[in-house]
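Chemist: The structure that follows is given in the form of structure tokens.
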Amino acid sequence: DWSMPSFIEKTVEDIKNLVKEDEKVICALSGGIDSTVTALLVHKAIGDRLIPIFVNNGVLRKNEPEEVLSLMKSLGLKVDYVDASSLFLERLKGVEDPEKKRKIIGETFIEVFEKEAKKFDNVVYLAQGTLYPDVIESVSFKGPSATIKSHHNVGGLPERMHLKLIEPLRELFKDEVRKIAELLGLPKHIIWRQPFPGPGLAIRIIGEVSEEKLDILREADAIVREEMLNSGWYYKVWQSFAVLLPVKTVGVMGDARTYEYVVAIRCVESQDAMTADWVKLPYDLLERLSNRIINEVKGVNRVVYDISSKPPATIEWE
Ligand code: XMP
């Protein structure tokens with residue numbers, strides 16, 4: 001049971017002692033709390049000998065790269081930004097299978113990250129935001145999440161790149177990381193950010209991913225996010241997001257018949273993502289979501305609400 005201020009002090013001291021004067025540390029930023037706190041702790045210890053790398057994988061949400069970069073800047077981190085979106089999207093072309101999409105995104109990430117890291121001299125360590133539950137899971141590795149869907153993270157990188165690992169959070173649970181984040185001055189929207197999967201919007205576009213579909217989903221997702229935040233529901237639920245179905249249905253606009261995509265809204269409450277219940281959102285909020293998505297997002301003429309719980313449905317649609 002740590003007191004968090006002394007945890008920060010001790011961790012920073014340990015990293016200072018570990019990393020020699022001429023050595024550098026790299027880390028991958030996702031914009032989420034774990035990688036951000038990890039980067040901040042290492043940065044406190046060794047300053048700009050930490051090289052935080054942020055890879056745009058082409059399947060991020062609306063404005064996400066800009067928002068992550070400006071947050072990191074405000075926290076004093078000098079981020080190495082790699083826009084690899086065209087490479088990822090090229091490789092995802094024609095791929096419909098969810099597990100194949102995950103695999104392509106995971107492998108391409110490792111490749112891009114490895115290539116980028118080689119540009120820097122004297123990199124000896126990789127810092128990762130592994131938490132205690134991740135440590136347990138990778139030891140037993142029997143959880144349904146591991147067998148039903150392959151969850152992608154940076155695993156495998158350290159051995160391939162001959163890097164030593166720094167995992168300052170590996171003894172902590174999420175609520176402890178949140179306390180540390182607060183002490184380090186991270187904003188509320190990062191500390192309480194809903195989980196976002198590594199493969200990003202690629203597993204929320206059912207079937208093949210394309211620029212056109214990404215544009216549509218980004219707009220719909222931004223509306224869901226905005227309305228959830230404005231209504232106060234964003235922080236009450238586990239996850240809330242839009243899914244783009246590869247199905248067109250008939251609608252009518254003025255005198256004209258339309259034939260456009262369907263967006264599904266998914267909103268669940270959960271403790272640990274192993275089980276989840278769909279949330280009984282108020283009708284007026286659902287109505288606003290539907291009206292705004294249909295009116296504001298070109299290419300969508302129908303919105304449905306997902307009323308399935310986990311199990312047997314999963315949280316994500318892929
Ligand atoms: P499911 O869909 O399995 O999701 O009920 C459980 C939780 O895990 C997230 N998720 C992922 N996270 N890579 C990730 O980093 C993935 O491939 C992945 N698939 C699902 C999902 O958002 C939910 O929080």
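To be explicit about the labels: the chains of the structure tokens are called A, B, and onward in the order shown, and within each one the residues are counted from 1, while ligands get numbers from 1 in the order they are shown.
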From range 50-203 of chain A, collect each residue whose DSSP state is strand (DSSP E or B) and return the set as a ChimeraX atom specification.
Modeler: /A:50-56,80-83,123-127,164-166
Chemist: Give the helix (DSSP H, G or I) residues of range 25-140 of chain A, as assigned by DSSP on the backbone, as a PyMOL selection string.
Modeler: chain A and resi 33-49+64-74+85-92+98-117+132-140
Chemist: Could you please take those selected residues and save C-alpha atoms as a PDB file, in the first residue's frame?
Modeler:
```pdb
ATOM      1  CA  ILE A  33      -3.380   7.693 -18.850  1.00  0.00           C
ATOM      2  CA  ASP A  34      -0.935   4.772 -18.455  1.00  0.00           C
ATOM      3  CA  SER A  35       1.540   5.759 -21.142  1.00  0.00           C
ATOM      4  CA  THR A  36       1.245   9.447 -20.235  1.00  0.00           C
ATOM      5  CA  VAL A  37       1.962   8.873 -16.530  1.00  0.00           C
ATOM      6  CA  THR A  38       4.841   6.563 -17.423  1.00  0.00           C
ATOM      7  CA  ALA A  39       6.357   9.177 -19.714  1.00  0.00           C
ATOM      8  CA  LEU A  40       5.960  11.902 -17.091  1.00  0.00           C
ATOM      9  CA  LEU A  41       7.672   9.862 -14.378  1.00  0.00           C
ATOM     10  CA  VAL A  42      10.614   9.045 -16.636  1.00  0.00           C
ATOM     11  CA  HIS A  43      10.763  12.654 -17.817  1.00  0.00           C
ATOM     12  CA  LYS A  44      10.915  13.890 -14.227  1.00  0.00           C
ATOM     13  CA  ALA A  45      13.894  11.611 -13.708  1.00  0.00           C
ATOM     14  CA  ILE A  46      15.960  12.134 -16.859  1.00  0.00           C
ATOM     15  CA  GLY A  47      14.369  15.065 -18.722  1.00  0.00           C
ATOM     16  CA  ASP A  48      14.763  15.083 -22.476  1.00  0.00           C
ATOM     17  CA  ARG A  49      16.832  11.916 -22.509  1.00  0.00           C
ATOM     18  CA  GLU A  64      -6.985  13.015 -31.746  1.00  0.00           C
ATOM     19  CA  PRO A  65      -3.399  13.525 -33.007  1.00  0.00           C
ATOM     20  CA  GLU A  66      -3.653  17.298 -32.498  1.00  0.00           C
ATOM     21  CA  GLU A  67      -5.153  16.886 -29.030  1.00  0.00           C
ATOM     22  CA  VAL A  68      -2.522  14.379 -27.887  1.00  0.00           C
ATOM     23  CA  LEU A  69       0.323  16.543 -29.187  1.00  0.00           C
ATOM     24  CA  SER A  70      -0.952  19.711 -27.563  1.00  0.00           C
ATOM     25  CA  LEU A  71      -1.505  17.941 -24.247  1.00  0.00           C
ATOM     26  CA  MET A  72       2.034  16.528 -24.292  1.00  0.00           C
ATOM     27  CA  LYS A  73       3.422  19.929 -25.116  1.00  0.00           C
ATOM     28  CA  SER A  74       1.568  21.455 -22.192  1.00  0.00           C
ATOM     29  CA  SER A  85      -1.453   6.688 -41.389  1.00  0.00           C
ATOM     30  CA  SER A  86      -1.067   6.035 -45.110  1.00  0.00           C
ATOM     31  CA  LEU A  87       1.071   2.949 -44.486  1.00  0.00           C
ATOM     32  CA  PHE A  88      -1.482   1.499 -42.049  1.00  0.00           C
ATOM     33  CA  LEU A  89      -4.430   2.251 -44.343  1.00  0.00           C
ATOM     34  CA  GLU A  90      -2.604   0.808 -47.348  1.00  0.00           C
ATOM     35  CA  ARG A  91      -2.075  -2.458 -45.482  1.00  0.00           C
ATOM     36  CA  LEU A  92      -5.668  -2.555 -44.249  1.00  0.00           C
ATOM     37  CA  PRO A  98     -11.285  -8.432 -37.412  1.00  0.00           C
ATOM     38  CA  GLU A  99      -8.368 -10.534 -36.169  1.00  0.00           C
ATOM     39  CA  LYS A 100      -6.428  -9.850 -39.373  1.00  0.00           C
ATOM     40  CA  LYS A 101      -7.017  -6.131 -38.905  1.00  0.00           C
ATOM     41  CA  ARG A 102      -5.707  -6.358 -35.334  1.00  0.00           C
ATOM     42  CA  LYS A 103      -2.673  -8.305 -36.470  1.00  0.00           C
ATOM     43  CA  ILE A 104      -1.825  -5.866 -39.271  1.00  0.00           C
ATOM     44  CA  ILE A 105      -2.165  -2.866 -36.969  1.00  0.00           C
ATOM     45  CA  GLY A 106      -0.109  -4.500 -34.202  1.00  0.00           C
ATOM     46  CA  GLU A 107       2.687  -5.590 -36.531  1.00  0.00           C
ATOM     47  CA  THR A 108       2.793  -2.360 -38.476  1.00  0.00           C
ATOM     48  CA  PHE A 109       2.980  -0.440 -35.221  1.00  0.00           C
ATOM     49  CA  ILE A 110       5.993  -2.447 -34.077  1.00  0.00           C
ATOM     50  CA  GLU A 111       7.676  -1.986 -37.449  1.00  0.00           C
ATOM     51  CA  VAL A 112       7.109   1.783 -37.519  1.00  0.00           C
ATOM     52  CA  PHE A 113       8.120   2.239 -33.906  1.00  0.00           C
ATOM     53  CA  GLU A 114      11.277   0.159 -34.330  1.00  0.00           C
ATOM     54  CA  LYS A 115      12.318   2.066 -37.434  1.00  0.00           C
ATOM     55  CA  GLU A 116      11.729   5.400 -35.710  1.00  0.00           C
ATOM     56  CA  ALA A 117      13.641   4.403 -32.588  1.00  0.00           C
ATOM     57  CA  TYR A 132      -0.353  -4.969 -12.207  1.00  0.00           C
ATOM     58  CA  PRO A 133      -3.427  -6.602 -13.808  1.00  0.00           C
ATOM     59  CA  ASP A 134      -1.508  -6.741 -17.143  1.00  0.00           C
ATOM     60  CA  VAL A 135       1.355  -8.504 -15.381  1.00  0.00           C
ATOM     61  CA  ILE A 136      -1.025 -11.101 -13.948  1.00  0.00           C
ATOM     62  CA  GLU A 137      -2.772 -11.574 -17.276  1.00  0.00           C
ATOM     63  CA  SER A 138       0.438 -12.105 -19.196  1.00  0.00           C
ATOM     64  CA  VAL A 139       1.494 -14.751 -16.650  1.00  0.00           C
ATOM     65  CA  SER A 140      -1.716 -16.774 -16.729  1.00  0.00           C
TER      66      SER A 140
END
```
Chemist: Excluding Leu163 in chain A and any residue of its chain fewer than 2 positions from it, enumerate the residues within 12 Å of it, using only C-alpha atoms, and give them as a ChimeraX atom specification.
Modeler: /A:23-27,114,117-118,122-128,156-161,165-166
Chemist: Could the residues in this selection be written to a file with N, CA and C atoms, as a PDB file, in the first residue's frame?
Modeler:
```
ATOM      1  N   GLU A  23      22.775   7.537 -21.509  1.00  0.00           N
ATOM      2  CA  GLU A  23      21.773   6.612 -22.013  1.00  0.00           C
ATOM      3  C   GLU A  23      20.423   7.295 -22.227  1.00  0.00           C
ATOM      4  N   LYS A  24      19.642   6.754 -23.209  1.00  0.00           N
ATOM      5  CA  LYS A  24      18.318   7.312 -23.481  1.00  0.00           C
ATOM      6  C   LYS A  24      17.231   6.261 -23.317  1.00  0.00           C
ATOM      7  N   VAL A  25      16.034   6.765 -23.119  1.00  0.00           N
ATOM      8  CA  VAL A  25      14.863   5.903 -22.942  1.00  0.00           C
ATOM      9  C   VAL A  25      13.828   6.293 -23.988  1.00  0.00           C
ATOM     10  N   ILE A  26      13.209   5.292 -24.631  1.00  0.00           N
ATOM     11  CA  ILE A  26      12.095   5.625 -25.523  1.00  0.00           C
ATOM     12  C   ILE A  26      10.799   5.093 -24.931  1.00  0.00           C
ATOM     13  N   CYS A  27       9.695   5.681 -25.343  1.00  0.00           N
ATOM     14  CA  CYS A  27       8.404   5.123 -24.972  1.00  0.00           C
ATOM     15  C   CYS A  27       7.387   5.468 -26.052  1.00  0.00           C
ATOM     16  N   GLU A 114       9.898   0.647 -34.314  1.00  0.00           N
ATOM     17  CA  GLU A 114      11.277   0.159 -34.330  1.00  0.00           C
ATOM     18  C   GLU A 114      12.130   1.007 -35.272  1.00  0.00           C
ATOM     19  N   ALA A 117      12.734   4.436 -33.739  1.00  0.00           N
ATOM     20  CA  ALA A 117      13.641   4.403 -32.588  1.00  0.00           C
ATOM     21  C   ALA A 117      15.103   4.314 -33.033  1.00  0.00           C
ATOM     22  N   LYS A 118      15.309   3.676 -34.183  1.00  0.00           N
ATOM     23  CA  LYS A 118      16.690   3.515 -34.691  1.00  0.00           C
ATOM     24  C   LYS A 118      17.323   4.844 -35.072  1.00  0.00           C
ATOM     25  N   ASN A 122      22.136   5.698 -28.628  1.00  0.00           N
ATOM     26  CA  ASN A 122      22.256   5.365 -27.200  1.00  0.00           C
ATOM     27  C   ASN A 122      20.928   5.079 -26.498  1.00  0.00           C
ATOM     28  N   VAL A 123      19.967   4.550 -27.259  1.00  0.00           N
ATOM     29  CA  VAL A 123      18.720   4.146 -26.620  1.00  0.00           C
ATOM     30  C   VAL A 123      18.925   2.786 -25.975  1.00  0.00           C
ATOM     31  N   VAL A 124      18.742   2.732 -24.666  1.00  0.00           N
ATOM     32  CA  VAL A 124      19.012   1.497 -23.928  1.00  0.00           C
ATOM     33  C   VAL A 124      17.729   0.922 -23.327  1.00  0.00           C
ATOM     34  N   TYR A 125      16.771   1.790 -23.043  1.00  0.00           N
ATOM     35  CA  TYR A 125      15.560   1.345 -22.349  1.00  0.00           C
ATOM     36  C   TYR A 125      14.290   1.675 -23.128  1.00  0.00           C
ATOM     37  N   LEU A 126      13.292   0.826 -22.897  1.00  0.00           N
ATOM     38  CA  LEU A 126      11.929   1.110 -23.362  1.00  0.00           C
ATOM     39  C   LEU A 126      11.042   1.227 -22.123  1.00  0.00           C
ATOM     40  N   ALA A 127      10.367   2.357 -21.954  1.00  0.00           N
ATOM     41  CA  ALA A 127       9.453   2.529 -20.829  1.00  0.00           C
ATOM     42  C   ALA A 127       8.037   2.162 -21.266  1.00  0.00           C
ATOM     43  N   GLN A 128       7.368   1.345 -20.468  1.00  0.00           N
ATOM     44  CA  GLN A 128       6.016   0.885 -20.801  1.00  0.00           C
ATOM     45  C   GLN A 128       5.072   1.077 -19.624  1.00  0.00           C
ATOM     46  N   GLY A 156       6.745  -7.751 -27.044  1.00  0.00           N
ATOM     47  CA  GLY A 156       7.623  -8.270 -28.073  1.00  0.00           C
ATOM     48  C   GLY A 156       8.689  -7.281 -28.506  1.00  0.00           C
ATOM     49  N   LEU A 157       8.398  -5.999 -28.330  1.00  0.00           N
ATOM     50  CA  LEU A 157       9.342  -4.964 -28.763  1.00  0.00           C
ATOM     51  C   LEU A 157      10.703  -5.017 -28.064  1.00  0.00           C
ATOM     52  N   PRO A 158      10.714  -5.119 -26.722  1.00  0.00           N
ATOM     53  CA  PRO A 158      11.993  -5.032 -26.019  1.00  0.00           C
ATOM     54  C   PRO A 158      13.002  -6.086 -26.471  1.00  0.00           C
ATOM     55  N   GLU A 159      12.528  -7.338 -26.658  1.00  0.00           N
ATOM     56  CA  GLU A 159      13.459  -8.402 -27.056  1.00  0.00           C
ATOM     57  C   GLU A 159      13.995  -8.136 -28.449  1.00  0.00           C
ATOM     58  N   ARG A 160      13.063  -7.801 -29.365  1.00  0.00           N
ATOM     59  CA  ARG A 160      13.462  -7.558 -30.756  1.00  0.00           C
ATOM     60  C   ARG A 160      14.480  -6.439 -30.876  1.00  0.00           C
ATOM     61  N   MET A 161      14.282  -5.413 -30.045  1.00  0.00           N
ATOM     62  CA  MET A 161      15.126  -4.230 -30.183  1.00  0.00           C
ATOM     63  C   MET A 161      16.297  -4.250 -29.204  1.00  0.00           C
ATOM     64  N   LEU A 165      13.670  -3.059 -20.122  1.00  0.00           N
ATOM     65  CA  LEU A 165      12.346  -2.497 -19.831  1.00  0.00           C
ATOM     66  C   LEU A 165      12.343  -1.641 -18.575  1.00  0.00           C
ATOM     67  N   ILE A 166      11.636  -0.522 -18.657  1.00  0.00           N
ATOM     68  CA  ILE A 166      11.306   0.235 -17.447  1.00  0.00           C
ATOM     69  C   ILE A 166       9.783   0.251 -17.350  1.00  0.00           C
TER      70      ILE A 166
END
```
Chemist: Pick from A:Ile293, A:Val59, A:Val250, A:Leu131: nearest to Ile203 in chain A, with only C-alpha atoms counted?
Modeler: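 Going through A:Ile293, A:Val59, A:Val250, A:Leu131 one by one, the smallest distance to Ile203 in chain A is for A:Val59.
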Chemist: Quick one: of A:Ile180, A:Gly198, A:Ile53, A:Gly232, who's nearest to Ser6 in chain A, counting only C-alpha atoms?
Modeler: A:Ile180
Chemist: Between CA of Asn63 in chain A and CA of Ile223 in chain A, what is the spacing in Å?
Modeler: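 Pair CA of Ile223 in chain A / CA of Asn63 in chain A returns 12.6 Å.
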Chemist: Find, counting only C-alpha atoms, the residue in A:Ile206, A:Ala313, A:Leu60, A:Val55 that gets nearest to Val262 in chain A.
Modeler: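 Ranked by minimum distance to Val262 in chain A, first place goes to A:Ile206.
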Chemist: Do a neighbour search on Tyr234 in chain A at 12 Å with only C-alpha atoms, toss out local chain neighbours closer than 2 positions, and write the hits as an NGL selection string.
Modeler: :A and (189 or 192-195 or 224-232 or 236-241 or 267-269 or 279 or 281 or 285)
Chemist: Keeping only C-alpha atoms, take the residues you just selected and write them out as a PDB file, in the first residue's frame.
Modeler:
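Saved result, selection-v3.pdb, follows:
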```pdb
ATOM      1  CA  HIS A 189     -10.478  14.224 -19.283  1.00  0.00           C
ATOM      2  CA  TRP A 192     -11.153   9.592 -16.571  1.00  0.00           C
ATOM      3  CA  ARG A 193     -10.889   8.939 -20.292  1.00  0.00           C
ATOM      4  CA  GLN A 194     -12.902   5.959 -21.496  1.00  0.00           C
ATOM      5  CA  PRO A 195     -10.818   3.012 -22.757  1.00  0.00           C
ATOM      6  CA  VAL A 224     -21.478  10.816 -29.535  1.00  0.00           C
ATOM      7  CA  ARG A 225     -18.537  12.043 -27.499  1.00  0.00           C
ATOM      8  CA  GLU A 226     -19.752  15.643 -27.434  1.00  0.00           C
ATOM      9  CA  GLU A 227     -23.309  14.749 -26.430  1.00  0.00           C
ATOM     10  CA  MET A 228     -22.133  12.286 -23.786  1.00  0.00           C
ATOM     11  CA  LEU A 229     -19.862  14.956 -22.289  1.00  0.00           C
ATOM     12  CA  ASN A 230     -22.476  17.720 -22.433  1.00  0.00           C
ATOM     13  CA  SER A 231     -25.150  15.569 -20.819  1.00  0.00           C
ATOM     14  CA  GLY A 232     -22.787  14.402 -18.066  1.00  0.00           C
ATOM     15  CA  LYS A 236     -20.847   7.683 -15.730  1.00  0.00           C
ATOM     16  CA  VAL A 237     -20.406   4.883 -18.259  1.00  0.00           C
ATOM     17  CA  TRP A 238     -17.551   2.508 -19.127  1.00  0.00           C
ATOM     18  CA  GLN A 239     -17.558   3.220 -22.844  1.00  0.00           C
ATOM     19  CA  SER A 240     -19.737   5.023 -25.359  1.00  0.00           C
ATOM     20  CA  PHE A 241     -19.020   5.145 -29.066  1.00  0.00           C
ATOM     21  CA  CYS A 267     -22.893   2.431 -24.600  1.00  0.00           C
ATOM     22  CA  VAL A 268     -22.071   0.062 -21.738  1.00  0.00           C
ATOM     23  CA  GLU A 269     -21.381   0.053 -18.040  1.00  0.00           C
ATOM     24  CA  VAL A 279     -26.881   1.531 -20.535  1.00  0.00           C
ATOM     25  CA  LEU A 281     -29.646   6.213 -21.745  1.00  0.00           C
ATOM     26  CA  LEU A 285     -30.324  11.948 -25.304  1.00  0.00           C
TER      27      LEU A 285
END
```
Chemist: Between A:Arg178, A:Lys93, A:Arg61, A:Lys16, single out the one closest to Asp215 in chain A, counting only C-alpha atoms.
Modeler: A:Arg61
Chemist: Grab the CA of Thr258 in chain A to CA of Gly299 in chain A distance for me, in Å with one decimal place.
Modeler: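 Between these atoms lies a distance of 9.2 Å.
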Chemist: Calculated over only C-alpha atoms and all ligand atoms, which of the candidates A:Leu183, A:Val252, A:Ala273, A:Ile8 has the smallest distance to ligand 1?
Modeler: A:Ala273
Chemist: If I take CA of Val177 in chain A and CA of Ala28 in chain A, how far is one from the other in Å, to one decimal?
Modeler: 17.4 Å
